[in-house]
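**Q** The structure follows.
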Amino acid sequence: MAATKRPEDVASVDVYTAKGLLSVDHRYLDVRTVEEFNKSHVENALNIPYMFITEEAGRVKNHEFLTKISSILKKQDHLVVGCNSGGRSLKACVDILNEGFQHVTNMEGGYSAWVDSGLAHDKPTEDLKVACKFRP
């Protein structure tokens, strides 16, 4: 059995490299909440939240996350995983790798870095900066 993966085992790339990967058969997995995703997201992104926001407990892990991943994606798929700033996506990458997926890459800086780099073209940058911030 393979050793358990840790955050330092995750390959991370900047937003420009991620954009290049997405143009050559990689899928973008957005692990932000549905609310964050609906405000704006990378084109053709798949949204499976890693965490939910609850009034009672704040952020709670989505216990269906890996089940949903496994039901939609194949273990041989090439994935670029992103959240808002890179924290949730790094944790999600570790879980996905430990589920047996092999081609998983974290997008450093998340969607905020994507917006800051001018890669989001659907709204003015200042609007997106506000829209993509995580607000409990």
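Numbering starts fresh at 1 for the residues of each chain in the structure tokens, the chains themselves are lettered A, B, ... in the order given, and ligands are numbered from 1 as they appear.
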Please identify all polymer residues within 12 Å of segment 52-56 of chain A, counting only C-alpha atoms, omitting same-chain residues fewer than 2 positions from it, and present them as a list of chain:residue names.
**A** A:Val31, A:Arg32, A:Thr33, A:Val34, A:Glu35, A:Glu36, A:Ile48, A:Pro49, A:Tyr50, A:Gly58, A:Arg59, A:Val60, A:Lys61, A:Asn62, A:His63, A:Glu64, A:Phe65, A:Arg88, A:Phe134, A:Arg135, A:Pro136
**Q** Could you give me, as a PyMOL selection string, the residues within 12 Å of Ile72 of chain A, counting only C-alpha atoms and dropping anything in the same chain fewer than 2 positions from it?
**A** chain A and resi 27+29+46-48+65-70+74-75+77
**Q** Output N, CA and C atoms for every residue in the selection just made, as an mmCIF file, in the first residue's frame.
**A**
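Written out: again-v3.cif:
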data_model
loop_
_atom_site.group_PDB
_atom_site.id
_atom_site.type_symbol
_atom_site.label_atom_id
_atom_site.label_comp_id
_atom_site.auth_asym_id
_atom_site.auth_seq_id
_atom_site.Cartn_x
_atom_site.Cartn_y
_atom_site.Cartn_z
ATOM 1 N N ARG A 27 -8.844 18.984 -15.878
ATOM 2 C CA ARG A 27 -10.142 19.509 -15.413
ATOM 3 C C ARG A 27 -9.892 20.399 -14.205
ATOM 4 N N LEU A 29 -11.152 21.619 -10.773
ATOM 5 C CA LEU A 29 -12.041 21.281 -9.668
ATOM 6 C C LEU A 29 -12.016 22.421 -8.671
ATOM 7 N N LEU A 46 -15.650 22.425 -12.419
ATOM 8 C CA LEU A 46 -16.537 21.517 -11.707
ATOM 9 C C LEU A 46 -16.491 21.939 -10.241
ATOM 10 N N ASN A 47 -17.657 22.135 -9.618
ATOM 11 C CA ASN A 47 -17.698 22.581 -8.225
ATOM 12 C C ASN A 47 -18.151 21.451 -7.310
ATOM 13 N N ILE A 48 -17.234 21.031 -6.448
ATOM 14 C CA ILE A 48 -17.561 20.095 -5.369
ATOM 15 C C ILE A 48 -16.955 20.700 -4.103
ATOM 16 N N PHE A 65 -17.518 14.680 0.162
ATOM 17 C CA PHE A 65 -16.572 15.198 -0.823
ATOM 18 C C PHE A 65 -15.938 14.084 -1.664
ATOM 19 N N LEU A 66 -15.305 13.126 -1.029
ATOM 20 C CA LEU A 66 -14.612 12.075 -1.784
ATOM 21 C C LEU A 66 -15.582 11.164 -2.519
ATOM 22 N N THR A 67 -16.750 10.943 -1.955
ATOM 23 C CA THR A 67 -17.765 10.130 -2.624
ATOM 24 C C THR A 67 -18.188 10.805 -3.927
ATOM 25 N N LYS A 68 -18.413 12.124 -3.856
ATOM 26 C CA LYS A 68 -18.813 12.868 -5.062
ATOM 27 C C LYS A 68 -17.684 12.892 -6.088
ATOM 28 N N ILE A 69 -16.466 13.113 -5.619
ATOM 29 C CA ILE A 69 -15.303 13.116 -6.513
ATOM 30 C C ILE A 69 -15.234 11.781 -7.265
ATOM 31 N N SER A 70 -15.318 10.691 -6.507
ATOM 32 C CA SER A 70 -15.187 9.356 -7.100
ATOM 33 C C SER A 70 -16.345 9.000 -8.025
ATOM 34 N N LYS A 74 -12.597 10.144 -12.785
ATOM 35 C CA LYS A 74 -11.859 8.874 -12.821
ATOM 36 C C LYS A 74 -10.497 9.075 -12.178
ATOM 37 N N LYS A 75 -9.978 8.028 -11.574
ATOM 38 C CA LYS A 75 -8.694 8.133 -10.882
ATOM 39 C C LYS A 75 -7.552 8.537 -11.813
ATOM 40 N N ASP A 77 -7.939 10.775 -14.265
ATOM 41 C CA ASP A 77 -8.145 12.152 -14.719
ATOM 42 C C ASP A 77 -7.036 13.063 -14.193
#
**Q** Measuring between only C-alpha atoms, which one of A:Ala45, A:Ala113, A:Cys83, A:Val10 shows the shortest distance to Tyr28 of chain A?
**A**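 Among A:Ala45, A:Ala113, A:Cys83, A:Val10, it is A:Ala45 that comes nearest to Tyr28 of chain A.
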**Q** Check segment 11-126 of chain A with DSSP on the backbone and list each residue it calls strand (DSSP E or B), as a list of chain:residue names.
**A**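 Strand (DSSP E or B) members of segment 11-126 of chain A, listed: A:Ala11, A:Ser12, A:Val13, A:Arg27, A:Tyr28, A:Leu29, A:Asp30, A:Leu46, A:Asn47, A:Met51, A:Phe52, A:Ile53, A:Thr54, A:Gly58, A:Arg59, A:Val60, A:Lys61, A:His78, A:Leu79, A:Val80, A:Val81, A:Gly82, A:His103, A:Val104, A:Thr105, A:Asn106, A:Met107.
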**Q** For Tyr16 of chain A, find every residue with an atom within 10 Å (counting only C-alpha atoms), except residues of its own chain fewer than 6 positions away, and show them as a PDB file with N, CA, C and O atoms, in the first residue's frame.
**A**
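Final output, result-v3.pdb:
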ATOM      1  N   LEU A  22      -5.017  23.542 -18.052  1.00  0.00           N
ATOM      2  CA  LEU A  22      -6.438  23.448 -18.385  1.00  0.00           C
ATOM      3  C   LEU A  22      -6.667  23.431 -19.899  1.00  0.00           C
ATOM      4  O   LEU A  22      -7.680  22.919 -20.364  1.00  0.00           O
ATOM      5  N   MET A 107      -3.652  24.669  -7.347  1.00  0.00           N
ATOM      6  CA  MET A 107      -3.393  25.984  -7.919  1.00  0.00           C
ATOM      7  C   MET A 107      -3.084  26.954  -6.782  1.00  0.00           C
ATOM      8  O   MET A 107      -3.964  27.298  -5.988  1.00  0.00           O
ATOM      9  N   ALA A 113      -5.888  34.625  -6.757  1.00  0.00           N
ATOM     10  CA  ALA A 113      -4.704  34.846  -7.589  1.00  0.00           C
ATOM     11  C   ALA A 113      -5.078  34.845  -9.067  1.00  0.00           C
ATOM     12  O   ALA A 113      -4.518  35.604  -9.866  1.00  0.00           O
ATOM     13  N   TRP A 114      -6.044  33.994  -9.448  1.00  0.00           N
ATOM     14  CA  TRP A 114      -6.534  33.950 -10.830  1.00  0.00           C
ATOM     15  C   TRP A 114      -7.086  35.333 -11.214  1.00  0.00           C
ATOM     16  O   TRP A 114      -6.770  35.876 -12.266  1.00  0.00           O
ATOM     17  N   SER A 117      -4.422  38.064 -11.385  1.00  0.00           N
ATOM     18  CA  SER A 117      -3.581  37.912 -12.576  1.00  0.00           C
ATOM     19  C   SER A 117      -4.296  38.319 -13.859  1.00  0.00           C
ATOM     20  O   SER A 117      -3.729  38.220 -14.941  1.00  0.00           O
ATOM     21  N   LEU A 119      -6.924  36.859 -15.223  1.00  0.00           N
ATOM     22  CA  LEU A 119      -7.391  35.719 -16.011  1.00  0.00           C
ATOM     23  C   LEU A 119      -8.907  35.554 -16.000  1.00  0.00           C
ATOM     24  O   LEU A 119      -9.452  34.787 -16.784  1.00  0.00           O
TER      25      LEU A 119
END
**Q** If we count only C-alpha atoms, what is near segment 110-112 of chain A at a cut-off of 6 Å, once residues fewer than 5 positions away on the same chain are taken out, given as a list in words?
**A**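 Listed by chain and then number, they are Gly82, Cys83, Asn84, Ser85 and Gly86 of chain A.
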**Q** Within segment 5-128 of chain A, find each residue whose DSSP state, derived from the backbone, is helix (DSSP H, G or I), and express the selection as a PyMOL selection string.
**A** chain A and resi 7-9+15-22+34-39+65-72+87-98+110-116+125-128
**Q** Could those residues be written to a file, using C-alpha atoms, as an mmCIF file, in the first residue's frame?
**A**
data_model
loop_
_atom_site.group_PDB
_atom_site.id
_atom_site.type_symbol
_atom_site.label_atom_id
_atom_site.label_comp_id
_atom_site.auth_asym_id
_atom_site.auth_seq_id
_atom_site.Cartn_x
_atom_site.Cartn_y
_atom_site.Cartn_z
ATOM 1 C CA PRO A 7 0.574 18.545 2.060
ATOM 2 C CA GLU A 8 4.269 18.543 1.125
ATOM 3 C CA ASP A 9 3.555 15.710 -1.356
ATOM 4 C CA VAL A 15 -2.196 30.403 -12.061
ATOM 5 C CA TYR A 16 -0.471 30.799 -15.432
ATOM 6 C CA THR A 17 0.765 27.195 -15.372
ATOM 7 C CA ALA A 18 -2.707 26.092 -14.228
ATOM 8 C CA LYS A 19 -4.275 27.935 -17.191
ATOM 9 C CA GLY A 20 -1.873 26.107 -19.509
ATOM 10 C CA LEU A 21 -2.726 22.736 -17.957
ATOM 11 C CA LEU A 22 -6.438 23.448 -18.385
ATOM 12 C CA VAL A 34 -21.538 26.819 -3.932
ATOM 13 C CA GLU A 35 -22.148 30.454 -2.947
ATOM 14 C CA GLU A 36 -18.539 31.421 -3.746
ATOM 15 C CA PHE A 37 -18.595 29.419 -6.981
ATOM 16 C CA ASN A 38 -21.845 31.003 -8.168
ATOM 17 C CA LYS A 39 -20.391 34.516 -7.840
ATOM 18 C CA PHE A 65 -16.572 15.198 -0.823
ATOM 19 C CA LEU A 66 -14.612 12.075 -1.784
ATOM 20 C CA THR A 67 -17.765 10.130 -2.624
ATOM 21 C CA LYS A 68 -18.813 12.868 -5.062
ATOM 22 C CA ILE A 69 -15.303 13.116 -6.513
ATOM 23 C CA SER A 70 -15.187 9.356 -7.100
ATOM 24 C CA SER A 71 -18.657 9.292 -8.655
ATOM 25 C CA ILE A 72 -17.876 12.049 -11.190
ATOM 26 C CA GLY A 87 -5.739 26.523 1.746
ATOM 27 C CA ARG A 88 -8.806 24.376 1.195
ATOM 28 C CA SER A 89 -7.557 23.168 -2.175
ATOM 29 C CA LEU A 90 -4.279 21.950 -0.651
ATOM 30 C CA LYS A 91 -6.220 19.927 1.952
ATOM 31 C CA ALA A 92 -8.556 18.662 -0.775
ATOM 32 C CA CYS A 93 -5.569 17.587 -2.910
ATOM 33 C CA VAL A 94 -4.183 15.529 -0.029
ATOM 34 C CA ASP A 95 -7.537 13.770 0.415
ATOM 35 C CA ILE A 96 -7.932 13.182 -3.334
ATOM 36 C CA LEU A 97 -4.408 11.756 -3.632
ATOM 37 C CA ASN A 98 -5.058 9.482 -0.654
ATOM 38 C CA GLY A 110 -6.586 30.005 -5.628
ATOM 39 C CA TYR A 111 -9.234 31.979 -7.447
ATOM 40 C CA SER A 112 -8.063 35.218 -5.816
ATOM 41 C CA ALA A 113 -4.704 34.846 -7.589
ATOM 42 C CA TRP A 114 -6.534 33.950 -10.830
ATOM 43 C CA VAL A 115 -8.478 37.225 -10.553
ATOM 44 C CA ASP A 116 -5.411 39.248 -9.515
ATOM 45 C CA THR A 125 -11.298 42.828 -11.350
ATOM 46 C CA GLU A 126 -12.366 44.918 -8.345
ATOM 47 C CA ASP A 127 -15.859 43.344 -8.379
ATOM 48 C CA LEU A 128 -14.337 39.876 -8.549
#
**Q** Measure the distance from atom CA of Gln102 of chain A to atom CA of Asp30 of chain A in Å and round it to one decimal.
**A** 17.7 Å
